[in-house]
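Text of entry_34.cif (mmCIF, C-alpha atoms) as supplied:
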```
data_final
loop_
_atom_site.group_PDB
_atom_site.id
_atom_site.type_symbol
_atom_site.label_atom_id
_atom_site.label_comp_id
_atom_site.auth_asym_id
_atom_site.auth_seq_id
_atom_site.Cartn_x
_atom_site.Cartn_y
_atom_site.Cartn_z
ATOM 1 C CA MET H 1355 124.423 121.423 28.994
ATOM 2 C CA THR H 1356 125.369 123.798 31.725
ATOM 3 C CA GLU H 1357 128.522 125.522 30.454
ATOM 4 C CA GLN H 1358 127.143 128.958 30.906
ATOM 5 C CA SER H 1359 125.610 128.400 34.331
ATOM 6 C CA ASP H 1360 128.465 127.141 36.486
ATOM 7 C CA PRO H 1361 131.900 128.691 35.984
ATOM 8 C CA LEU H 1362 133.474 126.474 38.689
ATOM 9 C CA VAL H 1363 132.526 123.271 36.974
ATOM 10 C CA THR H 1364 134.075 124.275 33.670
ATOM 11 C CA GLU H 1365 137.477 124.656 35.330
ATOM 12 C CA LEU H 1366 137.459 121.005 36.304
ATOM 13 C CA ASP H 1367 138.533 118.172 34.036
ATOM 14 C CA PRO H 1368 135.277 116.990 32.419
ATOM 15 C CA VAL H 1369 136.575 113.450 31.912
ATOM 16 C CA ILE H 1370 136.853 112.753 35.627
ATOM 17 C CA HIS H 1371 134.278 115.251 36.794
ATOM 18 C CA ALA H 1372 131.544 112.656 36.301
ATOM 19 C CA GLN H 1373 131.020 111.025 39.661
ATOM 20 C CA ALA H 1374 131.418 107.459 38.445
ATOM 21 C CA ARG H 1375 134.676 108.179 36.637
ATOM 22 C CA LEU H 1376 135.987 110.151 39.582
ATOM 23 C CA ARG H 1377 135.388 107.050 41.692
ATOM 24 C CA VAL H 1378 137.201 104.849 39.179
ATOM 25 C CA VAL H 1379 140.212 107.151 38.979
ATOM 26 C CA SER H 1380 140.310 107.591 42.774
ATOM 27 C CA ALA H 1381 140.354 103.822 43.210
ATOM 28 C CA LEU H 1382 143.116 103.379 40.632
ATOM 29 C CA SER H 1383 145.173 106.156 42.212
ATOM 30 C CA VAL H 1384 145.831 103.855 45.186
ATOM 31 C CA LEU H 1385 147.872 101.528 42.970
ATOM 32 C CA ARG H 1386 151.567 102.132 42.730
ATOM 33 C CA GLU H 1387 152.935 103.109 39.357
ATOM 34 C CA ASP H 1388 153.067 100.115 36.999
ATOM 35 C CA ASP H 1389 150.786 98.019 39.205
ATOM 36 C CA ARG H 1390 147.617 96.763 37.528
ATOM 37 C CA ILE H 1391 144.419 95.738 39.275
ATOM 38 C CA THR H 1392 142.222 92.927 37.978
ATOM 39 C CA PHE H 1393 138.910 93.994 36.485
ATOM 40 C CA PRO H 1394 136.751 91.863 38.839
ATOM 41 C CA GLN H 1395 138.535 93.272 41.881
ATOM 42 C CA LEU H 1396 138.095 96.846 40.684
ATOM 43 C CA GLN H 1397 134.443 96.115 40.041
ATOM 44 C CA GLU H 1398 134.018 94.658 43.515
ATOM 45 C CA SER H 1399 135.820 97.518 45.250
ATOM 46 C CA LEU H 1400 133.744 100.100 43.378
ATOM 47 C CA ARG H 1401 130.488 98.128 43.658
ATOM 48 C CA MET H 1402 129.703 98.815 39.991
ATOM 49 C CA THR H 1403 128.227 96.480 37.408
ATOM 50 C CA ALA H 1404 130.667 95.094 34.845
ATOM 51 C CA GLY H 1405 128.863 96.853 32.011
ATOM 52 C CA ASN H 1406 128.848 100.210 33.755
ATOM 53 C CA LEU H 1407 132.518 99.943 34.699
ATOM 54 C CA SER H 1408 133.451 98.971 31.121
ATOM 55 C CA VAL H 1409 131.730 102.028 29.709
ATOM 56 C CA HIS H 1410 133.577 104.362 32.056
ATOM 57 C CA LEU H 1411 136.890 102.612 31.515
ATOM 58 C CA ARG H 1412 136.494 103.033 27.757
ATOM 59 C CA LYS H 1413 135.968 106.770 28.194
ATOM 60 C CA LEU H 1414 138.977 107.026 30.461
ATOM 61 C CA GLU H 1415 141.013 104.960 28.020
ATOM 62 C CA GLU H 1416 140.039 107.281 25.155
ATOM 63 C CA ALA H 1417 141.312 110.207 27.204
ATOM 64 C CA GLY H 1418 144.574 108.325 27.789
ATOM 65 C CA TYR H 1419 143.993 108.187 31.547
ATOM 66 C CA VAL H 1420 143.865 104.427 31.990
ATOM 67 C CA GLU H 1421 145.356 101.465 30.229
ATOM 68 C CA VAL H 1422 143.370 98.248 29.941
ATOM 69 C CA THR H 1423 145.296 95.103 29.078
ATOM 70 C CA LYS H 1424 144.096 91.587 28.433
ATOM 71 C CA THR H 1425 146.333 88.783 29.525
ATOM 72 C CA HIS H 1426 146.204 85.161 30.576
ATOM 73 C CA HIS H 1427 146.423 83.851 34.090
ATOM 74 C CA GLY H 1428 147.308 80.259 33.330
ATOM 75 C CA ARG H 1429 144.430 79.366 31.035
ATOM 76 C CA THR H 1430 141.877 81.865 32.285
ATOM 77 C CA PRO H 1431 141.844 85.261 30.566
ATOM 78 C CA ALA H 1432 142.312 88.268 32.819
ATOM 79 C CA THR H 1433 141.688 91.958 32.242
ATOM 80 C CA LEU H 1434 144.003 94.326 34.051
ATOM 81 C CA VAL H 1435 143.634 98.057 34.574
ATOM 82 C CA ARG H 1436 146.176 100.687 35.477
ATOM 83 C CA LEU H 1437 146.240 104.453 35.749
ATOM 84 C CA THR H 1438 148.604 106.006 33.192
ATOM 85 C CA ARG H 1439 151.025 108.759 34.081
ATOM 86 C CA ARG H 1440 148.692 111.142 32.294
ATOM 87 C CA GLY H 1441 145.741 109.862 34.315
ATOM 88 C CA ARG H 1442 147.594 110.301 37.581
ATOM 89 C CA LEU H 1443 148.529 113.828 36.614
ATOM 90 C CA ALA H 1444 144.918 114.606 35.737
ATOM 91 C CA PHE H 1445 143.781 113.156 39.076
ATOM 92 C CA ASP H 1446 146.362 115.202 41.002
ATOM 93 C CA ASP H 1447 145.339 118.354 39.122
ATOM 94 C CA TYR H 1448 141.700 117.606 39.786
ATOM 95 C CA THR H 1449 142.145 117.172 43.536
ATOM 96 C CA ALA H 1450 144.327 120.289 43.648
ATOM 97 C CA ALA H 1451 141.577 122.215 41.847
ATOM 98 C CA LEU H 1452 138.988 120.950 44.339
ATOM 99 C CA ARG H 1453 141.166 122.055 47.244
ATOM 100 C CA ALA H 1454 141.672 125.451 45.619
ATOM 101 C CA LEU H 1455 137.899 125.823 45.278
ATOM 102 C CA LEU H 1456 137.481 125.036 48.962
ATOM 103 C CA ASN H 1457 140.269 127.329 50.168
ATOM 104 C CA PRO H 1458 140.576 130.084 47.571
ATOM 105 C CA GLU H 1459 143.079 132.040 49.650
ATOM 106 C CA THR H 1460 145.731 129.315 49.833
ATOM 107 C CA MET Z 917 131.049 120.528 28.815
ATOM 108 C CA THR Z 918 129.494 118.603 31.644
ATOM 109 C CA PRO Z 919 128.876 114.959 30.933
ATOM 110 C CA ILE Z 920 125.274 114.078 30.388
ATOM 111 C CA ASP Z 921 125.664 110.320 30.293
ATOM 112 C CA ASP Z 922 126.093 109.672 33.983
ATOM 113 C CA ASP Z 923 123.758 108.370 36.584
ATOM 114 C CA ALA Z 924 124.830 110.758 39.306
ATOM 115 C CA SER Z 925 125.160 114.508 39.091
ATOM 116 C CA PRO Z 926 128.490 116.183 39.924
ATOM 117 C CA LEU Z 927 129.144 116.932 43.572
ATOM 118 C CA ASP Z 928 130.372 120.056 45.240
ATOM 119 C CA PRO Z 929 134.131 120.206 45.982
ATOM 120 C CA ALA Z 930 133.886 119.073 49.613
ATOM 121 C CA GLU Z 931 131.685 116.122 48.700
ATOM 122 C CA SER Z 932 134.015 115.227 45.847
ATOM 123 C CA LEU Z 933 137.064 115.216 48.124
ATOM 124 C CA ALA Z 934 135.191 113.056 50.623
ATOM 125 C CA LEU Z 935 134.217 110.667 47.815
ATOM 126 C CA ILE Z 936 137.838 110.438 46.667
ATOM 127 C CA GLU Z 937 139.035 109.636 50.189
ATOM 128 C CA ARG Z 938 136.297 107.067 50.698
ATOM 129 C CA GLU Z 939 137.105 105.293 47.439
ATOM 130 C CA ARG Z 940 140.826 105.296 48.141
ATOM 131 C CA ALA Z 941 140.313 103.901 51.630
ATOM 132 C CA ASN Z 942 138.007 101.214 50.240
ATOM 133 C CA VAL Z 943 140.484 100.000 47.661
ATOM 134 C CA GLY Z 944 143.379 100.296 50.083
ATOM 135 C CA ARG Z 945 141.509 97.965 52.417
ATOM 136 C CA ASP Z 946 140.695 95.526 49.627
ATOM 137 C CA LEU Z 947 144.307 95.369 48.495
ATOM 138 C CA SER Z 948 145.943 94.762 51.860
ATOM 139 C CA PRO Z 949 145.527 91.535 53.793
ATOM 140 C CA ASP Z 950 143.535 91.710 57.036
ATOM 141 C CA PRO Z 951 146.187 92.452 59.688
ATOM 142 C CA ARG Z 952 144.332 90.256 62.161
ATOM 143 C CA LEU Z 953 144.714 87.230 59.898
ATOM 144 C CA MET Z 954 148.357 88.061 59.200
ATOM 145 C CA PHE Z 955 149.488 88.589 62.811
ATOM 146 C CA TRP Z 956 147.131 86.840 65.196
ATOM 147 C CA PRO Z 957 147.883 83.239 64.119
ATOM 148 C CA TRP Z 958 151.596 83.859 64.788
ATOM 149 C CA GLY Z 959 150.895 85.753 67.992
ATOM 150 C CA ILE Z 960 148.737 82.908 69.300
ATOM 151 C CA ALA Z 961 151.313 80.298 68.237
ATOM 152 C CA TRP Z 962 154.053 82.115 70.152
ATOM 153 C CA LEU Z 963 151.886 82.914 73.150
ATOM 154 C CA VAL Z 964 150.596 79.357 73.590
ATOM 155 C CA GLY Z 965 153.692 77.473 72.380
ATOM 156 C CA PHE Z 966 156.323 79.367 74.336
ATOM 157 C CA THR Z 967 154.182 79.581 77.465
ATOM 158 C CA LEU Z 968 153.908 75.768 77.399
ATOM 159 C CA PHE Z 969 157.700 75.629 77.078
ATOM 160 C CA PHE Z 970 158.056 77.886 80.102
ATOM 161 C CA LEU Z 971 155.632 75.812 82.182
ATOM 162 C CA ARG Z 972 157.310 72.507 81.315
ATOM 163 C CA PHE Z 973 160.943 73.665 80.998
ATOM 164 C CA GLY Z 974 161.171 76.523 83.477
ATOM 165 C CA PRO Z 975 164.281 78.405 84.639
ATOM 166 C CA ASP Z 976 166.971 76.220 86.325
ATOM 167 C CA GLY Z 977 165.202 73.031 85.305
ATOM 168 C CA ARG Z 978 162.026 73.794 87.224
ATOM 169 C CA VAL Z 979 158.789 72.124 86.113
ATOM 170 C CA PHE Z 980 155.794 74.339 86.863
ATOM 171 C CA VAL Z 981 153.270 72.042 85.195
ATOM 172 C CA ASP Z 982 154.148 68.412 84.622
ATOM 173 C CA LEU Z 983 153.166 68.229 80.958
ATOM 174 C CA PRO Z 984 154.454 65.460 78.696
ATOM 175 C CA ALA Z 985 157.929 66.537 77.564
ATOM 176 C CA TRP Z 986 156.994 66.366 73.858
ATOM 177 C CA LEU Z 987 153.934 68.570 74.202
ATOM 178 C CA PRO Z 988 155.401 72.117 74.067
ATOM 179 C CA LEU Z 989 157.423 71.505 70.918
ATOM 180 C CA ALA Z 990 154.565 69.651 69.228
ATOM 181 C CA ALA Z 991 152.104 72.428 70.092
ATOM 182 C CA LEU Z 992 154.455 75.174 68.936
ATOM 183 C CA ALA Z 993 155.257 73.373 65.682
ATOM 184 C CA LEU Z 994 151.604 72.634 64.871
ATOM 185 C CA LEU Z 995 150.474 76.169 65.673
ATOM 186 C CA MET Z 996 153.272 77.636 63.570
ATOM 187 C CA ILE Z 997 152.429 75.389 60.623
ATOM 188 C CA ALA Z 998 148.788 76.465 60.915
ATOM 189 C CA ALA Z 999 149.874 80.107 61.078
ATOM 190 C CA GLY Z 1000 152.094 79.703 58.030
ATOM 191 C CA ILE Z 1001 149.260 78.159 56.025
ATOM 192 C CA THR Z 1002 146.804 80.860 57.105
ATOM 193 C CA THR Z 1003 149.062 83.797 56.264
ATOM 194 C CA GLY Z 1004 150.158 82.126 53.020
ATOM 195 C CA ILE Z 1005 146.568 81.708 51.836
ATOM 196 C CA VAL Z 1006 145.450 85.170 52.958
ATOM 197 C CA GLY Z 1007 148.523 86.859 51.494
ATOM 198 C CA SER Z 1008 148.381 85.126 48.126
ATOM 199 C CA ARG Z 1009 144.645 85.692 47.773
ATOM 200 C CA VAL Z 1010 145.176 89.429 48.193
ATOM 201 C CA SER Z 1011 148.271 89.554 45.998
ATOM 202 C CA ARG Z 1012 146.365 87.994 43.089
ATOM 203 C CA ARG Z 1013 144.196 91.115 42.903
ATOM 204 C CA VAL Z 1014 147.085 93.187 41.608
ATOM 205 C CA MET Z 1015 149.777 92.411 39.050
ATOM 206 C CA GLY Z 1016 153.025 94.286 38.880
ATOM 207 C CA PRO Z 1017 156.047 95.351 40.900
ATOM 208 C CA SER Z 1018 154.316 95.242 44.274
ATOM 209 C CA ASN Z 1019 153.269 91.608 44.165
ATOM 210 C CA ARG Z 1020 156.721 90.623 42.914
ATOM 211 C CA GLN Z 1021 158.040 92.465 45.951
ATOM 212 C CA GLY Z 1022 155.655 90.554 48.200
ATOM 213 C CA ALA Z 1023 156.679 87.235 46.684
ATOM 214 C CA MET Z 1024 160.373 87.977 47.169
ATOM 215 C CA TYR Z 1025 159.712 88.933 50.763
ATOM 216 C CA GLY Z 1026 157.779 85.711 51.367
ATOM 217 C CA ILE Z 1027 160.558 83.625 49.839
ATOM 218 C CA SER Z 1028 163.098 85.433 52.048
ATOM 219 C CA TRP Z 1029 161.318 84.080 55.134
ATOM 220 C CA SER Z 1030 161.377 80.484 53.893
ATOM 221 C CA VAL Z 1031 164.998 80.584 52.737
ATOM 222 C CA ALA Z 1032 166.261 82.273 55.897
ATOM 223 C CA PHE Z 1033 164.414 79.875 58.208
ATOM 224 C CA THR Z 1034 165.662 76.874 56.249
ATOM 225 C CA GLY Z 1035 169.237 78.159 56.529
ATOM 226 C CA PHE Z 1036 168.953 78.652 60.296
ATOM 227 C CA SER Z 1037 167.335 75.234 60.771
ATOM 228 C CA VAL Z 1038 170.096 73.447 58.884
ATOM 229 C CA LEU Z 1039 172.734 75.304 60.869
ATOM 230 C CA PHE Z 1040 171.148 74.740 64.284
ATOM 231 C CA SER Z 1041 170.429 71.065 63.674
ATOM 232 C CA GLN Z 1042 174.212 70.561 63.474
ATOM 233 C CA PHE Z 1043 174.470 71.658 67.116
ATOM 234 C CA SER Z 1044 171.386 70.071 68.612
ATOM 235 C CA ASN Z 1045 173.216 66.897 69.675
ATOM 236 C CA VAL Z 1046 176.350 68.663 70.841
ATOM 237 C CA LEU Z 1047 174.765 71.147 73.241
ATOM 238 C CA PRO Z 1048 172.987 70.443 76.520
ATOM 239 C CA GLU Z 1049 169.200 70.368 76.025
ATOM 240 C CA GLU Z 1050 168.551 73.760 77.638
ATOM 241 C CA GLU Z 1051 171.196 75.554 75.576
ATOM 242 C CA ALA Z 1052 170.114 73.843 72.382
ATOM 243 C CA GLY Z 1053 166.548 74.996 73.017
ATOM 244 C CA LEU Z 1054 167.724 78.543 73.630
ATOM 245 C CA LEU Z 1055 169.805 78.474 70.448
ATOM 246 C CA TRP Z 1056 166.807 77.395 68.346
ATOM 247 C CA ALA Z 1057 164.275 79.715 69.914
ATOM 248 C CA GLY Z 1058 166.625 82.700 70.203
ATOM 249 C CA GLY Z 1059 167.845 82.308 66.629
ATOM 250 C CA MET Z 1060 164.392 81.987 65.109
ATOM 251 C CA VAL Z 1061 163.015 84.918 67.088
ATOM 252 C CA ALA Z 1062 166.037 87.044 66.096
ATOM 253 C CA LEU Z 1063 165.359 86.183 62.459
ATOM 254 C CA THR Z 1064 161.670 87.034 62.806
ATOM 255 C CA GLY Z 1065 162.513 90.418 64.309
ATOM 256 C CA ALA Z 1066 165.045 91.171 61.563
ATOM 257 C CA LEU Z 1067 162.643 90.179 58.771
ATOM 258 C CA TYR Z 1068 159.885 92.363 60.214
ATOM 259 C CA MET Z 1069 162.278 95.309 60.306
ATOM 260 C CA ALA Z 1070 163.362 94.588 56.715
ATOM 261 C CA GLY Z 1071 159.703 94.368 55.647
ATOM 262 C CA ALA Z 1072 159.097 97.709 57.321
ATOM 263 C CA ALA Z 1073 161.923 99.177 55.238
ATOM 264 C CA ILE Z 1074 160.387 97.768 52.010
ATOM 265 C CA TRP Z 1075 156.901 99.141 52.637
ATOM 266 C CA ASN Z 1076 157.932 102.149 54.698
ATOM 267 C CA ASP Z 1077 155.740 100.841 57.524
ATOM 268 C CA ARG Z 1078 156.645 102.364 60.873
ATOM 269 C CA GLN Z 1079 154.345 100.081 62.851
ATOM 270 C CA MET Z 1080 155.951 96.972 61.403
ATOM 271 C CA PHE Z 1081 159.370 98.367 62.259
ATOM 272 C CA ILE Z 1082 158.324 98.886 65.869
ATOM 273 C CA LEU Z 1083 157.117 95.277 66.010
ATOM 274 C CA GLY Z 1084 160.422 94.018 64.564
ATOM 275 C CA ALA Z 1085 162.533 96.128 66.897
ATOM 276 C CA TRP Z 1086 160.403 95.128 69.897
ATOM 277 C CA THR Z 1087 160.669 91.439 69.016
ATOM 278 C CA SER Z 1088 164.455 91.761 68.609
ATOM 279 C CA LEU Z 1089 164.931 93.586 71.911
ATOM 280 C CA ILE Z 1090 162.842 91.267 74.051
ATOM 281 C CA ASN Z 1091 164.649 88.343 72.423
ATOM 282 C CA ILE Z 1092 168.049 89.756 73.401
ATOM 283 C CA ALA Z 1093 166.801 90.381 76.940
ATOM 284 C CA GLY Z 1094 165.409 86.835 77.156
ATOM 285 C CA ILE Z 1095 168.622 85.261 75.854
ATOM 286 C CA LEU Z 1096 170.689 87.165 78.418
ATOM 287 C CA ILE Z 1097 168.387 86.241 81.304
ATOM 288 C CA GLY Z 1098 168.614 82.620 80.261
ATOM 289 C CA PRO Z 1099 166.664 79.492 79.247
ATOM 290 C CA GLY Z 1100 163.180 79.221 80.689
ATOM 291 C CA TRP Z 1101 162.763 82.944 81.160
ATOM 292 C CA HIS Z 1102 163.420 83.360 77.456
ATOM 293 C CA SER Z 1103 160.350 81.216 76.712
ATOM 294 C CA LEU Z 1104 158.142 83.278 79.020
ATOM 295 C CA ILE Z 1105 159.357 86.610 77.633
ATOM 296 C CA VAL Z 1106 159.023 85.542 73.997
ATOM 297 C CA GLY Z 1107 155.613 83.984 74.607
ATOM 298 C CA VAL Z 1108 154.035 86.860 76.482
ATOM 299 C CA ALA Z 1109 155.870 89.932 75.144
ATOM 300 C CA GLY Z 1110 156.626 88.585 71.654
ATOM 301 C CA GLY Z 1111 153.299 86.841 71.033
ATOM 302 C CA GLY Z 1112 151.490 89.712 72.753
ATOM 303 C CA GLY Z 1113 153.325 92.198 70.522
ATOM 304 C CA MET Z 1114 152.087 90.422 67.392
ATOM 305 C CA ILE Z 1115 148.526 90.299 68.666
ATOM 306 C CA ALA Z 1116 148.743 94.022 69.424
ATOM 307 C CA ALA Z 1117 150.194 94.712 65.962
ATOM 308 C CA GLY Z 1118 147.290 92.867 64.324
ATOM 309 C CA LEU Z 1119 144.769 94.786 66.389
ATOM 310 C CA ILE Z 1120 146.341 98.198 65.738
ATOM 311 C CA GLY Z 1121 146.673 97.485 62.012
ATOM 312 C CA TRP Z 1122 143.038 96.434 61.825
ATOM 313 C CA LEU Z 1123 141.811 99.500 63.696
ATOM 314 C CA ARG Z 1124 143.768 101.764 61.331
ATOM 315 C CA LEU Z 1125 142.277 100.108 58.234
ATOM 316 C CA ARG Z 1126 138.685 100.171 59.423
#
```

As structure tokens, please, write out the structure in this file.
Amino acid sequence: MTEQSDPLVTELDPVIHAQARLRVVSALSVLREDDRITFPQLQESLRMTAGNLSVHLRKLEEAGYVEVTKTHHGRTPATLVRLTRRGRLAFDDYTAALRALLNPET
Amino acid sequence: MTPIDDDASPLDPAESLALIERERANVGRDLSPDPRLMFWPWGIAWLVGFTLFFLRFGPDGRVFVDLPAWLPLAALALLMIAAGITTGIVGSRVSRRVMGPSNRQGAMYGISWSVAFTGFSVLFSQFSNVLPEEEAGLLWAGGMVALTGALYMAGAAIWNDRQMFILGAWTSLINIAGILIGPGWHSLIVGVAGGGGMIAAGLIGWLRLR
């Protein structure tokens, strides 16, 4: 635990501050609102293992940042992922915070 | 609290912003069809097909190369069918990666092309036997190219894509110029400037995505 050591880090959203989850949220932020990406495609784009991606998606889901839905594509089951409004807001806040850290005067 | 369950340690702000941009560019590339595969098959079909038309059915009935009379139309039709299959496969493969409003939009746009071209074909076929061969050819080619230009401009409006709009406007303008100059020249202009425009659009789109 490093709360006391790095004041900058504590300002940033801990849910997406982890590098892997930041990558997931960044990838999902490309989707337009209400669009959902298939799990295998997200996995391929992020070059993560299915297990690893699932773990991070669960954490993001718990925070209300992503929504994971299971559906059927004909007869094959499909898992779809989208960024919630709350997740998009958190991502926008996070990038704004990063920019503010880089250019404190603006 | 900093997460302790992750493989990689947090980055500094500049690295984080770079990571975000890299990831977004990656996914953006994965979710849009390769512009080369979407534009080049059509560009080649127009370039080869219409150039053959020009060589066989030149201005004022001139024959620059004595090809069989059926060859230009057959070549153009085959190349366009091949292009349609290619872009259909590439487009649907990419659209299956996402579910939601944007692939419905894509499907509606794709259907618009088929419906509009069917409508024009039915209309023009009513005049094919009434008009002299040269004028009938100009009616078909000019009409289809006008439709292509209009649909590209409409697509540009849907996706707010300036480059696609330029391609549509360019295609429409060279078509009007070709129609006014007359049969024969129209084929050359559409083949070289129209087909060339599509090849350029595919190249520029690809370079931007890389």

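Picked out by the PyMOL selection byres ((chain H) within 7 of (chain Z)) when it runs on this file: H:Met1355, H:Thr1356, H:Glu1357, H:Thr1364, H:Pro1368, H:His1371, H:Ala1372, H:Gln1373, H:Arg1377, H:Ser1380, H:Ala1381, H:Val1384, H:Asp1388, H:Asp1389, H:Arg1390, H:Ile1391, H:Thr1392, H:Gln1395, H:Ser1399, H:Leu1452, H:Leu1455, H:Leu1456.
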
Evaluate the PyMOL selection byres ((chain Z and resi 1058-1060) around 10) and record the selected residues as a list in words, following the chain and residue labels used in the document. Ala1032, Phe1033, Phe1036, Ser1037, Phe1040, Ala1052, Gly1053, Leu1054, Leu1055, Trp1056, Ala1057, Val1061, Ala1062, Leu1063, Thr1064, Gly1065, Ala1066, Ser1088, Asn1091, Ile1092, Gly1094, Ile1095, Pro1099, His1102, Ser1103 and Val1106 of chain Z

For the provided coordinates, the residues matched by the PyMOL selection byres ((chain Z and resi 961-964) around 8) should be stated as an NGL selection string. :Z and (957-960 or 965-968 or 991-992 or 995-996 or 999 or 1106-1108 or 1110-1112)

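Coordinates place atom CA of Leu987 of chain Z at a distance of 28.1 Å from atom CA of Leu1083 of chain Z.
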
What lies within 6 Å of segment 1438-1448 of chain H using all atoms listed in the file, ignoring chain neighbours under 3 positions off, as a compact mmCIF listing (two decimals) with C-alpha atoms, in the frame of the given file?
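The new file selection_10.txt reads:
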```txt
# COMPACT_ATOMS: atom_id res chain seq x y z
CA TYR H 1419 143.99 108.19 31.55
CA VAL H 1420 143.86 104.43 31.99
CA ALA H 1451 141.58 122.22 41.85
```

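Distance-wise, atom CA of Thr1433 of chain H and atom CA of Arg1375 of chain H end up 18.2 Å apart.
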
Atom CA of Leu1385 of chain H to atom CA of Val1435 of chain H measures 10.0 Å

So that I can see what lies close to Gly1071 of chain Z, please list as an MDAnalysis selection string the residues with an atom at most 12 Å from it, counting all atoms listed in the file and leaving out residues fewer than 3 positions away in the same chain. chainID Z and resid 1021:1026 1028:1029 1064:1068 1074:1085

Could you take the residues named above and write them with C-alpha atoms, as an mmCIF file, keeping the file's coordinate frame?
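Once written, result11.cif looks like this:
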```
data_model
loop_
_atom_site.group_PDB
_atom_site.id
_atom_site.type_symbol
_atom_site.label_atom_id
_atom_site.label_comp_id
_atom_site.auth_asym_id
_atom_site.auth_seq_id
_atom_site.Cartn_x
_atom_site.Cartn_y
_atom_site.Cartn_z
ATOM 1 C CA GLN Z 1021 158.040 92.465 45.951
ATOM 2 C CA GLY Z 1022 155.655 90.554 48.200
ATOM 3 C CA ALA Z 1023 156.679 87.235 46.684
ATOM 4 C CA MET Z 1024 160.373 87.977 47.169
ATOM 5 C CA TYR Z 1025 159.712 88.933 50.763
ATOM 6 C CA GLY Z 1026 157.779 85.711 51.367
ATOM 7 C CA SER Z 1028 163.098 85.433 52.048
ATOM 8 C CA TRP Z 1029 161.318 84.080 55.134
ATOM 9 C CA THR Z 1064 161.670 87.034 62.806
ATOM 10 C CA GLY Z 1065 162.513 90.418 64.309
ATOM 11 C CA ALA Z 1066 165.045 91.171 61.563
ATOM 12 C CA LEU Z 1067 162.643 90.179 58.771
ATOM 13 C CA TYR Z 1068 159.885 92.363 60.214
ATOM 14 C CA ILE Z 1074 160.387 97.768 52.010
ATOM 15 C CA TRP Z 1075 156.901 99.141 52.637
ATOM 16 C CA ASN Z 1076 157.932 102.149 54.698
ATOM 17 C CA ASP Z 1077 155.740 100.841 57.524
ATOM 18 C CA ARG Z 1078 156.645 102.364 60.873
ATOM 19 C CA GLN Z 1079 154.345 100.081 62.851
ATOM 20 C CA MET Z 1080 155.951 96.972 61.403
ATOM 21 C CA PHE Z 1081 159.370 98.367 62.259
ATOM 22 C CA ILE Z 1082 158.324 98.886 65.869
ATOM 23 C CA LEU Z 1083 157.117 95.277 66.010
ATOM 24 C CA GLY Z 1084 160.422 94.018 64.564
ATOM 25 C CA ALA Z 1085 162.533 96.128 66.897
#
```
